[in-house]
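Taking it in order: structure first as structure tokens, then the write-up.
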Amino acid sequence: MDRFFFISVLGLLIVAHGVAGNMACDSIAMLEELENFEVEEVDETELSKVPSWTSERGGKVLVNVDSYGAVGDGVSDDTQAFENAWNTACTTPKSVFLVPPGRHYLVNATIFKGPCAERLVIQIDGTIVAPDEPKNWDPNLPRLWLDFSKLNGVLFQGNGVIDGSGSKWWASSCKKNKSNPCRGAPTALTIDSSSAVKIEGLTIQNSQQMHFVISRSDSVRVSDVLVSAPEDSPNTDGIHITGSTNVVLQDCKIGTGHGISIGSLGKDNSTSTVTKVVLDTAFLRETTNGLRIKTWQGGHGYVRGVRFENVAMENVVNPIIIDQFYCDSPKTCKNQTSAVEISEITYRNISGTTKSSKAMKFACSDTVPCNNIVLSNINLEKKDGTVATYCNSAKGFGYGVVHPSADCLSSHNKNYNAIGQSAITKESSVIGQTKISEFSETSTEGIIHTEL
């Protein structure tokens with residue numbers, strides 16, 4: 001797994017939906033607000049970690065999928081056994097839904113629905129595998145594999161693996177072969193319409209498309225989760241968060257090659273709002289993107305109050321990028337004047353190496369410019385040449401060391417490149433950590449419209 005990023009702490013993510021109001025604040029007040037984000041804690045007494053389960057203990061009721069007829073040979077269909085075991089576990093207080101170690105369970109697309117009785121633990125120690133043939137997928141659940149919905153106070157844990165068997169799905173994708181029809185594919189694991197949920201220790205790999213989606217949920221904690229897929233697997237998002245509030249990712253390792261993105265937002269003239277996102281401590285190596293915000297032309301809403309800090313990068317193509325001209329379409333996207341507004345974005349203590357000469361790219365809408373972009377202690381180098389910052393309709397300021405220069409954020413020229421000289425050597429390319437998460441007439445020269 002050569003291309004990955006590691007997240008130590010994603011402090012707070014709130015994705016809200018509503019009407020953007022007028023916001024007028026000076027730079028100092030804006031910085032103070034970004035500094036004072038707090039993480040809302042989940043009730044630890046409700047979600048305390050329990051040991052790996054092999055028998056009933058501590059007042060827990062063990063519900064083993066093997067006891068309901070699961071074979072676990074990777075060939076026999078164990079879907080019905082899982083559904084029957086779920087029905088028992090969900091309705092029994094203090095139960096443990098157990099997928100035991102040492103076996104491979106073939107499970108078709110299934111919705112595990114709550115609400116459930118109190119203090120349910122989902123213990124996954126074995127391997128759950130998806131059918132590998134797209135032609136045989138349940139047509140009623142085309143975008144889902146393992147979907148858990150309407151849960152409250154549930155703990156997912158274990159050393160097990162959720163394997164999407166995605167290779168045939170990738171081969172049939174239009175991203176791999178333009179002669180293939182473009183269609184969606186299932187998400188390996190979904191947490192939907194839930195609250196106070198913890199996910200710890202699991203491995204999710206080789207998903208058909210997205211690996212792990214958290215949607216329409218509140219107070220979700222994800223820790224020590226490994227996500228893995230080949231770097232050429234198309235649109236295999238690692239952890240995708242949408243319509244959710246108070247989500248924390250901690251000590252997760254994600255190897256899909258895509259980097260960290262907010263968006264894409266505003267597709268098909270839709271309204272999207274994202275606010276109060278903190279990314280604190282991450283390492284990205286050989287990813288396509290580093291810290292990216294991407295929106296479609298014609299959208300509405302806003303992204304505001306985002307803090308990226310303490311991030312180290314190694315050979316990243318687009319280390320810092322805002323792209324309000326995102327166009328993931330086989331056809332050219334038409335010019336539109338409305339856009340998702342982007343403001344109050346802080347980048348602090350970002351260092352490392354870039355594959356692109358334009359280490360920072362702020363490609364913003366002429367009609368809805370980016371405002372209040374703050375850069376502090378930035379040091380991005382290219383091993384074999386100069387680095388520059390590209391700006392279009394982007395305003396902000398920098399303090400401390402900012403390399404390459406970002407004078408274009410305060411320039412009156414709407415389309416501007418600020419160039420900084422790079423003189424990095426092989427010996428100095430080790431990245432050190434400093435103190436310590438869908439065209440207008442504007443030129444988009446130098447912007448690479450990369451896919452998810």
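The chains in the structure tokens are called A, B, ... from first to last as shown; in each chain the residues are counted from 1, and the ligands are counted from 1 in the order shown.
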Residues at most 9 Å from A:Tyr399, counting only C-alpha atoms, excluding those fewer than 3 positions away in the same chain, as a CSV table (one decimal) with C-alpha atoms, in the first residue's frame?
```csv
chain,number,residue,atom,x,y,z
A,374,VAL,CA,-5.2,32.2,6.2
A,375,LEU,CA,-1.8,30.6,5.8
A,376,SER,CA,0.7,30.2,8.7
A,377,ASN,CA,4.0,28.3,8.8
A,402,VAL,CA,4.8,30.9,4.0
```
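For stretch 186-190 of chain A, the list of residues within 9 Å, based on only C-alpha atoms and with local chain neighbours fewer than 3 positions off taken out, reads Ala109, Ala130, Leu141, Pro142, Arg143, Leu144, Trp145, Leu146, Asp147, Phe148, Ser149, Ile162, Asp163, Gly164, Ile204, Gln205, Asn206, Ser207, Gln208, Gln209, Met210, His211, Phe212, Val213, Ile214, Ser215 and Thr236 of chain A.
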- Message: Report, in Å to a single decimal, how far apart atom CA of A:His240 and atom CA of A:Gln157 are.
- Response: 19.1 Å
- Message: At a cut-off of 8 Å, using only C-alpha atoms, what residues contact A:Thr367? Leave out same-chain residues fewer than 4 positions from it and give the result as a PyMOL selection string.
- Response: chain A and resi 337-339
Would you save the residues of that selection, restricted to N, CA, C and O atoms, as a short mmCIF file (atom, residue, chain, number, x, y, z; two decimals), in the first residue's frame?
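Result written to selection-v6.cif:
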```
data_model
loop_
_atom_site.label_atom_id
_atom_site.label_comp_id
_atom_site.auth_asym_id
_atom_site.auth_seq_id
_atom_site.Cartn_x
_atom_site.Cartn_y
_atom_site.Cartn_z
N THR A 337 -22.48 31.22 -13.10
CA THR A 337 -21.97 32.28 -12.23
C THR A 337 -22.16 32.01 -10.75
O THR A 337 -21.39 32.50 -9.93
N SER A 338 -23.16 31.25 -10.37
CA SER A 338 -23.34 30.97 -8.95
C SER A 338 -22.32 29.91 -8.50
O SER A 338 -21.82 29.12 -9.30
N ALA A 339 -22.02 29.92 -7.20
CA ALA A 339 -21.02 29.00 -6.67
C ALA A 339 -21.19 28.85 -5.17
O ALA A 339 -21.76 29.72 -4.50
#
```
- Query: Contacts of A:Thr256 at 6 Å or less, counting only C-alpha atoms, minus same-chain residues fewer than 3 places along, as a VMD selection string?
  - Reply: chain A and resid 228 to 229 231
- Within 7 Å of A:Gly301 using only C-alpha atoms, minus same-chain residues under 4 positions, as a VMD selection string: chain A and resid 20 271 to 273 340 to 341
- Message: Using only C-alpha atoms, which protein or nucleic acid residues come within 7 Å of A:Ile262? Drop anything in the same chain fewer than 3 positions from it, and give the result as a list of chain:residue names.
- Response: A:Arg292, A:Ile293, A:Lys294
- Nearest to A:Lys135, chosen from A:His104, A:His403, A:Lys60, A:Lys168, with only C-alpha atoms counted in the distances: A:Lys168
